[in-house]
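Participant: First the structure, then my questions, so here it is.
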Amino acid sequence: MRELLTVKNLSVTFSAYHGEVKAVRDVSFPVYEGETLAMVGESGCGKSVTAKAILRLLDHSSAKVSSASAVLYKGKNLLTLPKRELNRIRGSEISMVFQDAMASLNPTMTVGNQIMETVRAHQAVGKREAAKKACELLALVELPDPEGLLKRYPHELSGGQRQRVMIAMALSCDPKLLIADEPTTALDVTVQAQILGLLLKLQKKLNMSVLLITHDLGLVAGVADRVQVMYAGQIIERGTTREIFQAPKHPYTAALLTAIPRRNMERRQPLTALPGTPPDLRLELNGCPFAARCRFAMPICKKQMPEETEGCRCWLRHPMAPKVDLMEGDRDA
Amino acid sequence: MLKYIFKRIAYMALVMLTVTTITFFLLHLIPGDPITAMVQDLPEETRQNYLAAYGFEQPLGKQYLLYLRQLLTGDLGQSLRYPGRKVADIVANYSPVSALVGGIALLIGVTLGLACGVLAALNRDRWPDRAVMVLALLGTTIPTFVIAALLQYALSVTWPVFPTTGYKGARYLVLPVVCMCVGPLATYARYMRSSMLDVVNADYILTAEAKGLSEGRIVMKHMLRNSLLPCVTMLCVSVAGIFAGSFIVESIFALPGLGRYFISAISDRDYFVVLGLNVVLTGVYVCAILLSDILLMLLDPRIRTGVKA
């Protein structure tokens, strides 16, 4: 598989009243052509910031991307590209879908105009042609009556319809990579499934890569080819979806998996939760950020962050570490 | 939609009636009467005759009903101080001056104010923002009469570029206009800045950026329209206000405007002029508010849907 986009040594800090928040800490990963890569983690782990940093969408007054960072796409570093060239890539070759479609669509512009605007920003087409294209796109995302929809405003649509419009807009120029930042979080469970199914179908159809950002590990199982788990601004485990779900290597990943409620659970059986909170991201982290919450923590964990071995940053992977069953107590479930 | 407008017009009539009623009784609460305001040492008998001639000896309630009946026939009444001068004529003669000066001032003030607000919001926490905010603060806090006096001192006395007072041509309008545009400039700059900041941080601006739109297009197409919406209401009220004129500015620059006339009518106890002008100005205001609501409905699809439903 060929690499489509490579994120290299990405570090992002935010200046806040009470100090510098190191939201993303030296993250590197590739996105391959045609794959779905899921980036999973709890709120505040830096997954969204990473996604936005790729297209330079972070608020430059508060967010600082370190100079060592690079996002390579077709041999160009998106982080240093002149604005004009970046705008040619944004929305056409790499596009993005956001979490809250209601807030992400301009409330005073018709759906049609918002899609046509994207088409016309990247292709030299007239108004009528753009409208035709917009119609096709709305049909592509399986919305009924595309013609009529063009003249509708975002508030006249349902949540699922709005997200479909967002997707249509993102697909308007046949992107190579679609970054979907929590695309289904704001939706009902049934609609979630529909939207995800649609995304997958369109991915196959258009042969694009999808970077799926989500906090819901359960969502990822049937969708992603590869998964990377983020914690406290770092990728702590990555692998194929099969590897992650069947044999997680990091205690955090294991804890996330055990926390997914199952259909065959006993009545009144308490849900598994992970105690504690993530570390304060203003602090310099020397050891493993998960050490304080990890039930397998060893003295070394608090002192030094382990290097990545076999896609996992955990001292348990060290040859001298004790062998433990990460999913202990969950095997029978 | 039509039903909505009819309902609004009914409310407007109610507002006008209330305002007229309150003004009527408040006016009669002020000690003194039109004749004593004009000449002090008049024989009591003459005074009574005069008052009786205008029906002021009748009970207040009856006077009120009589006045309402007169209003309903479309007659705004005439001046007590200058017999024969009709209120309608006063409005026709004096409000154009107020509207001209106020209109130019409002146009300049609002345009510059909105521009300053946008500039400040787009450069948040940098020097243009700070400069605009300091100026806006000065503009809202320094009273108009101070600005007027300073302008007269600098540009009429020290460097006699413009005439101090009077109304004999375009040059006479410069100082009053400058003086009157300071207020709207400052207010609209602050208002536009905050409304623009709301929009700048909105998610749909992020979407617009992610779509690869140029910065200019994002500002023009996505930011401006949405941040101007809250200003529409204020603008309609400001426009209504220019007909009333500014008492202070018109007095200082001796402009024959409605504002000055209005205040002198109050001290003259010129009941019908005060009441009549009040009715007219209230009418202008309620119409302006209706207009702003209709405008908002045309500009904001969300409100349109709400009204339809």
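For the structure tokens, the naming scheme is as follows: chains receive sequential letters (A, B, ...) according to their order of presentation, residues are indexed from 1 within each chain, and ligands are indexed from 1 in presentation order.
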Taking only C-alpha atoms into account, find every residue of chain A that has an atom no more than 6 Å from chain B, and write it out as a VMD selection string.
Facilitator: chain A and resid 87 90 to 91 103 to 106 108 118
Participant: Please provide as a PyMOL selection string all residues within 10 Å of A:Val223, with the sequence filter that same-chain residues fewer than 5 positions apart are discarded (counting only C-alpha atoms).
Facilitator: chain A and resi 36-38+196-197+199-200+212+218+241
Participant: Save the residues we just selected, C-alpha atoms, as a JSON list (two decimals), in the first residue's frame?
Facilitator:
[["chain", "number", "residue", "atom", "x", "y", "z"],
["A", 36, "THR", "CA", -9.85, 3.66, 6.70],
["A", 37, "LEU", "CA", -7.72, 4.66, 9.61],
["A", 38, "ALA", "CA", -9.50, 5.15, 12.90],
["A", 196, "LEU", "CA", -21.21, 5.22, 8.86],
["A", 197, "GLY", "CA", -22.55, 2.71, 6.36],
["A", 199, "LEU", "CA", -19.32, 6.69, 4.46],
["A", 200, "LEU", "CA", -17.96, 3.18, 3.94],
["A", 212, "LEU", "CA", -12.02, 8.55, 11.18],
["A", 218, "GLY", "CA", -17.19, 0.11, 19.40],
["A", 241, "THR", "CA", -8.43, -3.50, 13.59]]
Participant: Taking 6 positions as the minimum chain separation for residues in the same chain, which residues sit within 9 Å of stretch 40-54 of chain B when counting only C-alpha atoms? Answer as JSON, numbers by chain.
Facilitator: {"B": [33, 34, 80]}
Participant: Identify, on the basis of only C-alpha atoms, every residue whose closest approach to A:Asp181 does not exceed 6 Å; exclude the query and any residue fewer than 5 positions from it along the same chain; express the result as a list in words.
Facilitator: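 Close residues of A:Asp181: Phe98, Gln99 and Ile213 of chain A.
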Participant: Would you put the residues from that selection into a file with C-alpha atoms, as a short mmCIF file (atom, residue, chain, number, x, y, z; two decimals), in the first residue's frame?
Facilitator:
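Produced file selection-v7.cif, reproduced below:
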data_model
loop_
_atom_site.label_atom_id
_atom_site.label_comp_id
_atom_site.auth_asym_id
_atom_site.auth_seq_id
_atom_site.Cartn_x
_atom_site.Cartn_y
_atom_site.Cartn_z
CA PHE A 98 -17.22 17.79 11.43
CA GLN A 99 -19.12 16.56 14.43
CA ILE A 213 -11.72 10.36 14.48
#
